Amino acid sequence: MSTSRLTRQRIWDRLKNVARPDTRFHMQFADFIPDFEGVEAATDRICALPAYQACQLAFVTPDNSMTELRRRLIVQRVPLVTATYNIQRGFLYIAPDAVPEGAEHYAAWLDGIEHFARPVTLEEIAGLGRFDLMATGASAVSADGVRFGKGHGFFDLEWGMFTDLGLAMDTTPVAAIVHDVQVVEDHLQMNATDIPVDFIATPSRLIRVERQERRPRGMKWDLLTAQEIQEMPPLRELARMRGVA
């Protein structure tokens, strides 16, 4: 078993004591990244950052642990892009005026996002401008900023697409919101597509990561099969734009 898989399994065992079950996946952490007790305090730490306070356009993953951050962005009328589950139907955009007052909490959940947001292509996202903040959940994250998701690499794909189009850069602030049990102190080895984060927010602390390496940029087309490209709408769109067979 790989180091990353062993780390995930160790964290998943600890998460059972603090995670909030999903209505569909219960505690099957291989299928979703859970919300957890204390997420409000962890989100407070992200909202105190200058990058959040100055944010004019955010990308936030559809992870359960991101629900509270999505809610606050919606309340503050900050334009928000998120992905559909596993990027199966591409991306969604919540405009500043899309959610009526009082419906912000529902709109932050996946079912609510589907109701209030509109589907957007990569070309349409490019028309919105660069992201000022990107935020994601994680199965585990090391104190030096290396994160592991569910094991499918969706955030890495999103980063690849967005950097290819100039919507995100190496200097774009990337934050992870996790429970303290998801932070590992041992050094985790990055691979060529891993996206290290700048901030790790937990219920008890904010970790500011001093990155030593630049993040990867653009798509690693050679790591994708033709079937994977064709089955994911934004990948298919970007492949057409870049002339990838």
# chains A, B, ... in the order shown; residues from 1 in each chain; ligands from 1

call {"tool": "select_by_dssp", "arguments": {"residues": "range 29-234 of chain A", "states": "strand (DSSP E or B)", "output": "PDB file with N, CA, C and O atoms, in the first residue's frame"}}
result
ATOM      1  N   ASP A  35     -17.651  17.212   6.188  1.00  0.00           N
ATOM      2  CA  ASP A  35     -17.734  18.312   7.122  1.00  0.00           C
ATOM      3  C   ASP A  35     -17.343  17.752   8.494  1.00  0.00           C
ATOM      4  O   ASP A  35     -17.284  16.535   8.687  1.00  0.00           O
ATOM      5  N   PHE A  36     -17.080  18.643   9.449  1.00  0.00           N
ATOM      6  CA  PHE A  36     -16.609  18.144  10.739  1.00  0.00           C
ATOM      7  C   PHE A  36     -16.953  19.126  11.853  1.00  0.00           C
ATOM      8  O   PHE A  36     -17.266  20.303  11.611  1.00  0.00           O
ATOM      9  N   ALA A  58     -13.869  33.801  -6.295  1.00  0.00           N
ATOM     10  CA  ALA A  58     -13.322  32.650  -5.568  1.00  0.00           C
ATOM     11  C   ALA A  58     -13.662  31.351  -6.280  1.00  0.00           C
ATOM     12  O   ALA A  58     -14.706  31.232  -6.937  1.00  0.00           O
ATOM     13  N   PHE A  59     -12.761  30.385  -6.127  1.00  0.00           N
ATOM     14  CA  PHE A  59     -13.069  29.013  -6.515  1.00  0.00           C
ATOM     15  C   PHE A  59     -13.047  28.173  -5.252  1.00  0.00           C
ATOM     16  O   PHE A  59     -12.054  28.193  -4.507  1.00  0.00           O
ATOM     17  N   VAL A  60     -14.130  27.460  -4.994  1.00  0.00           N
ATOM     18  CA  VAL A  60     -14.241  26.619  -3.808  1.00  0.00           C
ATOM     19  C   VAL A  60     -14.729  25.249  -4.244  1.00  0.00           C
ATOM     20  O   VAL A  60     -15.725  25.136  -4.972  1.00  0.00           O
ATOM     21  N   LEU A  80     -18.699  33.234  -7.113  1.00  0.00           N
ATOM     22  CA  LEU A  80     -18.151  31.950  -6.679  1.00  0.00           C
ATOM     23  C   LEU A  80     -18.277  30.921  -7.794  1.00  0.00           C
ATOM     24  O   LEU A  80     -19.348  30.759  -8.382  1.00  0.00           O
ATOM     25  N   VAL A  81     -17.175  30.254  -8.075  1.00  0.00           N
ATOM     26  CA  VAL A  81     -17.168  29.115  -9.000  1.00  0.00           C
ATOM     27  C   VAL A  81     -16.906  27.857  -8.197  1.00  0.00           C
ATOM     28  O   VAL A  81     -16.056  27.839  -7.299  1.00  0.00           O
ATOM     29  N   THR A  82     -17.641  26.808  -8.492  1.00  0.00           N
ATOM     30  CA  THR A  82     -17.379  25.507  -7.883  1.00  0.00           C
ATOM     31  C   THR A  82     -17.513  24.442  -8.960  1.00  0.00           C
ATOM     32  O   THR A  82     -17.889  24.736 -10.097  1.00  0.00           O
ATOM     33  N   ALA A  83     -17.187  23.219  -8.606  1.00  0.00           N
ATOM     34  CA  ALA A  83     -17.290  22.108  -9.556  1.00  0.00           C
ATOM     35  C   ALA A  83     -18.484  21.235  -9.203  1.00  0.00           C
ATOM     36  O   ALA A  83     -18.913  21.185  -8.044  1.00  0.00           O
ATOM     37  N   PHE A  91     -18.423  22.846 -14.368  1.00  0.00           N
ATOM     38  CA  PHE A  91     -18.375  23.849 -13.311  1.00  0.00           C
ATOM     39  C   PHE A  91     -19.678  24.630 -13.213  1.00  0.00           C
ATOM     40  O   PHE A  91     -20.457  24.703 -14.174  1.00  0.00           O
ATOM     41  N   LEU A  92     -19.885  25.223 -12.031  1.00  0.00           N
ATOM     42  CA  LEU A  92     -21.066  26.024 -11.755  1.00  0.00           C
ATOM     43  C   LEU A  92     -20.645  27.397 -11.244  1.00  0.00           C
ATOM     44  O   LEU A  92     -19.624  27.521 -10.555  1.00  0.00           O
ATOM     45  N   TYR A  93     -21.450  28.397 -11.550  1.00  0.00           N
ATOM     46  CA  TYR A  93     -21.149  29.770 -11.152  1.00  0.00           C
ATOM     47  C   TYR A  93     -22.321  30.349 -10.372  1.00  0.00           C
ATOM     48  O   TYR A  93     -23.467  30.292 -10.828  1.00  0.00           O
ATOM     49  N   ILE A  94     -22.026  30.864  -9.174  1.00  0.00           N
ATOM     50  CA  ILE A  94     -23.038  31.561  -8.380  1.00  0.00           C
ATOM     51  C   ILE A  94     -22.742  33.055  -8.464  1.00  0.00           C
ATOM     52  O   ILE A  94     -21.747  33.536  -7.912  1.00  0.00           O
ATOM     53  N   ARG A 118     -25.518  28.541 -12.166  1.00  0.00           N
ATOM     54  CA  ARG A 118     -25.695  28.194 -13.576  1.00  0.00           C
ATOM     55  C   ARG A 118     -24.436  27.513 -14.080  1.00  0.00           C
ATOM     56  O   ARG A 118     -23.321  27.844 -13.666  1.00  0.00           O
ATOM     57  N   PRO A 119     -24.589  26.534 -14.976  1.00  0.00           N
ATOM     58  CA  PRO A 119     -23.412  25.877 -15.550  1.00  0.00           C
ATOM     59  C   PRO A 119     -22.585  26.872 -16.352  1.00  0.00           C
ATOM     60  O   PRO A 119     -23.132  27.748 -17.025  1.00  0.00           O
ATOM     61  N   VAL A 120     -21.269  26.727 -16.265  1.00  0.00           N
ATOM     62  CA  VAL A 120     -20.378  27.604 -17.032  1.00  0.00           C
ATOM     63  C   VAL A 120     -19.291  26.776 -17.698  1.00  0.00           C
ATOM     64  O   VAL A 120     -18.784  25.808 -17.134  1.00  0.00           O
ATOM     65  N   LEU A 133      -8.806  33.769  -4.751  1.00  0.00           N
ATOM     66  CA  LEU A 133      -8.655  32.780  -3.682  1.00  0.00           C
ATOM     67  C   LEU A 133      -9.204  31.456  -4.180  1.00  0.00           C
ATOM     68  O   LEU A 133     -10.269  31.414  -4.815  1.00  0.00           O
ATOM     69  N   MET A 134      -8.466  30.379  -3.887  1.00  0.00           N
ATOM     70  CA  MET A 134      -8.958  29.033  -4.146  1.00  0.00           C
ATOM     71  C   MET A 134      -8.935  28.273  -2.821  1.00  0.00           C
ATOM     72  O   MET A 134      -7.985  28.401  -2.047  1.00  0.00           O
ATOM     73  N   ALA A 135      -9.994  27.509  -2.567  1.00  0.00           N
ATOM     74  CA  ALA A 135     -10.092  26.795  -1.295  1.00  0.00           C
ATOM     75  C   ALA A 135     -10.585  25.384  -1.537  1.00  0.00           C
ATOM     76  O   ALA A 135     -11.441  25.144  -2.396  1.00  0.00           O
ATOM     77  N   THR A 136     -10.053  24.457  -0.774  1.00  0.00           N
ATOM     78  CA  THR A 136     -10.352  23.049  -0.974  1.00  0.00           C
ATOM     79  C   THR A 136     -10.359  22.298   0.346  1.00  0.00           C
ATOM     80  O   THR A 136      -9.744  22.721   1.320  1.00  0.00           O
ATOM     81  N   ALA A 140      -6.222  14.476   3.896  1.00  0.00           N
ATOM     82  CA  ALA A 140      -5.089  14.707   4.799  1.00  0.00           C
ATOM     83  C   ALA A 140      -4.228  15.798   4.199  1.00  0.00           C
ATOM     84  O   ALA A 140      -4.205  15.992   2.978  1.00  0.00           O
ATOM     85  N   VAL A 141      -3.532  16.532   5.064  1.00  0.00           N
ATOM     86  CA  VAL A 141      -2.608  17.559   4.597  1.00  0.00           C
ATOM     87  C   VAL A 141      -1.436  17.622   5.558  1.00  0.00           C
ATOM     88  O   VAL A 141      -1.613  17.499   6.770  1.00  0.00           O
ATOM     89  N   SER A 142      -0.248  17.753   5.010  1.00  0.00           N
ATOM     90  CA  SER A 142       0.931  17.838   5.860  1.00  0.00           C
ATOM     91  C   SER A 142       1.181  19.284   6.253  1.00  0.00           C
ATOM     92  O   SER A 142       0.721  20.213   5.592  1.00  0.00           O
ATOM     93  N   ARG A 147      -1.250  18.151   0.193  1.00  0.00           N
ATOM     94  CA  ARG A 147      -2.590  17.660   0.503  1.00  0.00           C
ATOM     95  C   ARG A 147      -2.911  16.396  -0.291  1.00  0.00           C
ATOM     96  O   ARG A 147      -2.414  16.190  -1.397  1.00  0.00           O
ATOM     97  N   PHE A 148      -3.765  15.573   0.303  1.00  0.00           N
ATOM     98  CA  PHE A 148      -4.336  14.426  -0.379  1.00  0.00           C
ATOM     99  C   PHE A 148      -5.846  14.559  -0.342  1.00  0.00           C
ATOM    100  O   PHE A 148      -6.418  14.838   0.708  1.00  0.00           O
ATOM    101  N   VAL A 174      -3.979  29.560  -2.041  1.00  0.00           N
ATOM    102  CA  VAL A 174      -4.745  28.314  -1.969  1.00  0.00           C
ATOM    103  C   VAL A 174      -4.848  27.909  -0.505  1.00  0.00           C
ATOM    104  O   VAL A 174      -3.834  27.802   0.189  1.00  0.00           O
ATOM    105  N   ALA A 175      -6.076  27.691  -0.042  1.00  0.00           N
ATOM    106  CA  ALA A 175      -6.304  27.359   1.367  1.00  0.00           C
ATOM    107  C   ALA A 175      -7.006  26.017   1.494  1.00  0.00           C
ATOM    108  O   ALA A 175      -7.834  25.646   0.653  1.00  0.00           O
ATOM    109  N   ALA A 176      -6.676  25.286   2.539  1.00  0.00           N
ATOM    110  CA  ALA A 176      -7.351  24.035   2.870  1.00  0.00           C
ATOM    111  C   ALA A 176      -8.018  24.187   4.233  1.00  0.00           C
ATOM    112  O   ALA A 176      -7.419  24.727   5.163  1.00  0.00           O
ATOM    113  N   ILE A 177      -9.247  23.725   4.340  1.00  0.00           N
ATOM    114  CA  ILE A 177      -9.963  23.705   5.616  1.00  0.00           C
ATOM    115  C   ILE A 177     -10.125  22.249   6.023  1.00  0.00           C
ATOM    116  O   ILE A 177     -10.775  21.467   5.318  1.00  0.00           O
ATOM    117  N   VAL A 183      -4.333  16.833   9.884  1.00  0.00           N
ATOM    118  CA  VAL A 183      -3.003  17.409   9.676  1.00  0.00           C
ATOM    119  C   VAL A 183      -1.957  16.410  10.157  1.00  0.00           C
ATOM    120  O   VAL A 183      -1.998  15.950  11.288  1.00  0.00           O
ATOM    121  N   VAL A 184      -1.038  16.072   9.269  1.00  0.00           N
ATOM    122  CA  VAL A 184       0.029  15.138   9.625  1.00  0.00           C
ATOM    123  C   VAL A 184       1.347  15.895   9.674  1.00  0.00           C
ATOM    124  O   VAL A 184       1.607  16.753   8.831  1.00  0.00           O
ATOM    125  N   PHE A 199      -2.265  27.942   3.017  1.00  0.00           N
ATOM    126  CA  PHE A 199      -2.857  28.073   4.344  1.00  0.00           C
ATOM    127  C   PHE A 199      -3.604  26.793   4.691  1.00  0.00           C
ATOM    128  O   PHE A 199      -4.293  26.226   3.844  1.00  0.00           O
ATOM    129  N   ILE A 200      -3.466  26.372   5.940  1.00  0.00           N
ATOM    130  CA  ILE A 200      -4.212  25.227   6.450  1.00  0.00           C
ATOM    131  C   ILE A 200      -4.979  25.716   7.672  1.00  0.00           C
ATOM    132  O   ILE A 200      -4.380  26.114   8.675  1.00  0.00           O
ATOM    133  N   ALA A 201      -6.301  25.716   7.576  1.00  0.00           N
ATOM    134  CA  ALA A 201      -7.127  26.194   8.674  1.00  0.00           C
ATOM    135  C   ALA A 201      -7.797  25.012   9.363  1.00  0.00           C
ATOM    136  O   ALA A 201      -8.446  24.185   8.705  1.00  0.00           O
ATOM    137  N   LEU A 206      -4.195  28.224  12.531  1.00  0.00           N
ATOM    138  CA  LEU A 206      -3.946  28.509  11.125  1.00  0.00           C
ATOM    139  C   LEU A 206      -2.470  28.271  10.861  1.00  0.00           C
ATOM    140  O   LEU A 206      -1.608  28.871  11.506  1.00  0.00           O
ATOM    141  N   ILE A 207      -2.176  27.402   9.919  1.00  0.00           N
ATOM    142  CA  ILE A 207      -0.803  27.116   9.534  1.00  0.00           C
ATOM    143  C   ILE A 207      -0.501  27.865   8.236  1.00  0.00           C
ATOM    144  O   ILE A 207      -1.204  27.695   7.233  1.00  0.00           O
ATOM    145  N   ARG A 208       0.511  28.710   8.253  1.00  0.00           N
ATOM    146  CA  ARG A 208       0.972  29.405   7.047  1.00  0.00           C
ATOM    147  C   ARG A 208       2.153  28.616   6.487  1.00  0.00           C
ATOM    148  O   ARG A 208       3.178  28.475   7.143  1.00  0.00           O
TER     149      ARG A 208
END

call {"tool": "residues_around", "arguments": {"residues": "Trp159 in chain A", "least_positions_apart": "5", "cutoff": "12 Å", "atoms": "only C-alpha atoms", "output": "JSON, numbers by chain"}}
result
{"A": [59, 60, 61, 83, 131, 134, 135, 136, 153, 154, 164, 165, 166, 167, 168, 169, 170, 172, 174, 193, 194, 195, 196, 197, 215, 216, 217, 218, 219, 220, 235]}

call {"tool": "residues_around", "arguments": {"residues": "Met27 in chain A", "least_positions_apart": "3", "cutoff": "12 Å", "atoms": "only C-alpha atoms", "output": "PyMOL selection string"}}
result
chain A and resi 12-24+30-36

call {"tool": "write_last_selection", "arguments": {"atoms": "N, CA and C atoms", "output": "PDB file, in the first residue's frame"}}
result
ATOM      1  N   TRP A  12      -8.690   8.636   7.994  1.00  0.00           N
ATOM      2  CA  TRP A  12     -10.108   8.265   7.946  1.00  0.00           C
ATOM      3  C   TRP A  12     -10.548   7.586   9.232  1.00  0.00           C
ATOM      4  N   ASP A  13      -9.692   6.781   9.810  1.00  0.00           N
ATOM      5  CA  ASP A  13     -10.031   6.135  11.086  1.00  0.00           C
ATOM      6  C   ASP A  13     -10.243   7.177  12.186  1.00  0.00           C
ATOM      7  N   ARG A  14      -9.414   8.228  12.189  1.00  0.00           N
ATOM      8  CA  ARG A  14      -9.560   9.282  13.192  1.00  0.00           C
ATOM      9  C   ARG A  14     -10.779  10.154  12.913  1.00  0.00           C
ATOM     10  N   LEU A  15     -11.085  10.357  11.645  1.00  0.00           N
ATOM     11  CA  LEU A  15     -12.180  11.237  11.261  1.00  0.00           C
ATOM     12  C   LEU A  15     -13.535  10.740  11.748  1.00  0.00           C
ATOM     13  N   LYS A  16     -13.663   9.453  11.917  1.00  0.00           N
ATOM     14  CA  LYS A  16     -14.956   8.885  12.321  1.00  0.00           C
ATOM     15  C   LYS A  16     -15.457   9.494  13.626  1.00  0.00           C
ATOM     16  N   ASN A  17     -14.540  10.008  14.444  1.00  0.00           N
ATOM     17  CA  ASN A  17     -14.932  10.579  15.735  1.00  0.00           C
ATOM     18  C   ASN A  17     -15.379  12.034  15.647  1.00  0.00           C
ATOM     19  N   VAL A  18     -15.058  12.714  14.544  1.00  0.00           N
ATOM     20  CA  VAL A  18     -15.350  14.152  14.457  1.00  0.00           C
ATOM     21  C   VAL A  18     -16.129  14.530  13.202  1.00  0.00           C
ATOM     22  N   ALA A  19     -16.240  13.627  12.239  1.00  0.00           N
ATOM     23  CA  ALA A  19     -16.887  13.949  10.967  1.00  0.00           C
ATOM     24  C   ALA A  19     -18.402  14.000  11.102  1.00  0.00           C
ATOM     25  N   ARG A  20     -19.006  14.820  10.254  1.00  0.00           N
ATOM     26  CA  ARG A  20     -20.458  14.876  10.134  1.00  0.00           C
ATOM     27  C   ARG A  20     -20.851  13.993   8.949  1.00  0.00           C
ATOM     28  N   PRO A  21     -21.694  12.987   9.164  1.00  0.00           N
ATOM     29  CA  PRO A  21     -22.011  12.043   8.086  1.00  0.00           C
ATOM     30  C   PRO A  21     -22.651  12.735   6.886  1.00  0.00           C
ATOM     31  N   ASP A  22     -22.398  12.191   5.722  1.00  0.00           N
ATOM     32  CA  ASP A  22     -23.026  12.652   4.499  1.00  0.00           C
ATOM     33  C   ASP A  22     -24.349  11.925   4.318  1.00  0.00           C
ATOM     34  N   THR A  23     -25.350  12.602   3.750  1.00  0.00           N
ATOM     35  CA  THR A  23     -26.666  11.980   3.608  1.00  0.00           C
ATOM     36  C   THR A  23     -26.670  10.816   2.620  1.00  0.00           C
ATOM     37  N   ARG A  24     -25.693  10.810   1.696  1.00  0.00           N
ATOM     38  CA  ARG A  24     -25.637   9.741   0.700  1.00  0.00           C
ATOM     39  C   ARG A  24     -24.540   8.729   0.986  1.00  0.00           C
ATOM     40  N   ALA A  30     -13.871   7.527   1.170  1.00  0.00           N
ATOM     41  CA  ALA A  30     -13.295   7.379  -0.165  1.00  0.00           C
ATOM     42  C   ALA A  30     -14.173   8.050  -1.221  1.00  0.00           C
ATOM     43  N   ASP A  31     -15.437   8.362  -0.857  1.00  0.00           N
ATOM     44  CA  ASP A  31     -16.388   8.942  -1.797  1.00  0.00           C
ATOM     45  C   ASP A  31     -16.627  10.427  -1.582  1.00  0.00           C
ATOM     46  N   PHE A  32     -16.265  10.970  -0.437  1.00  0.00           N
ATOM     47  CA  PHE A  32     -16.477  12.393  -0.186  1.00  0.00           C
ATOM     48  C   PHE A  32     -15.534  12.861   0.915  1.00  0.00           C
ATOM     49  N   ILE A  33     -15.326  14.174   0.959  1.00  0.00           N
ATOM     50  CA  ILE A  33     -14.521  14.788   2.020  1.00  0.00           C
ATOM     51  C   ILE A  33     -15.494  15.425   3.003  1.00  0.00           C
ATOM     52  N   PRO A  34     -15.502  14.984   4.245  1.00  0.00           N
ATOM     53  CA  PRO A  34     -16.591  15.329   5.157  1.00  0.00           C
ATOM     54  C   PRO A  34     -16.486  16.707   5.786  1.00  0.00           C
ATOM     55  N   ASP A  35     -17.651  17.212   6.188  1.00  0.00           N
ATOM     56  CA  ASP A  35     -17.734  18.312   7.122  1.00  0.00           C
ATOM     57  C   ASP A  35     -17.343  17.752   8.494  1.00  0.00           C
ATOM     58  N   PHE A  36     -17.080  18.643   9.449  1.00  0.00           N
ATOM     59  CA  PHE A  36     -16.609  18.144  10.739  1.00  0.00           C
ATOM     60  C   PHE A  36     -16.953  19.126  11.853  1.00  0.00           C
TER      61      PHE A  36
END

call {"tool": "closest_residue", "arguments": {"among": "A:Ala226, A:Ile113, A:Leu128, A:Val39", "to": "Gln56 in chain A", "atoms": "only C-alpha atoms"}}
result
A:Leu128

call {"tool": "atom_distance", "arguments": {"atom1": "CA of Glu231 in chain A", "atom2": "CA of Thr121 in chain A"}}
result
14.8 Å
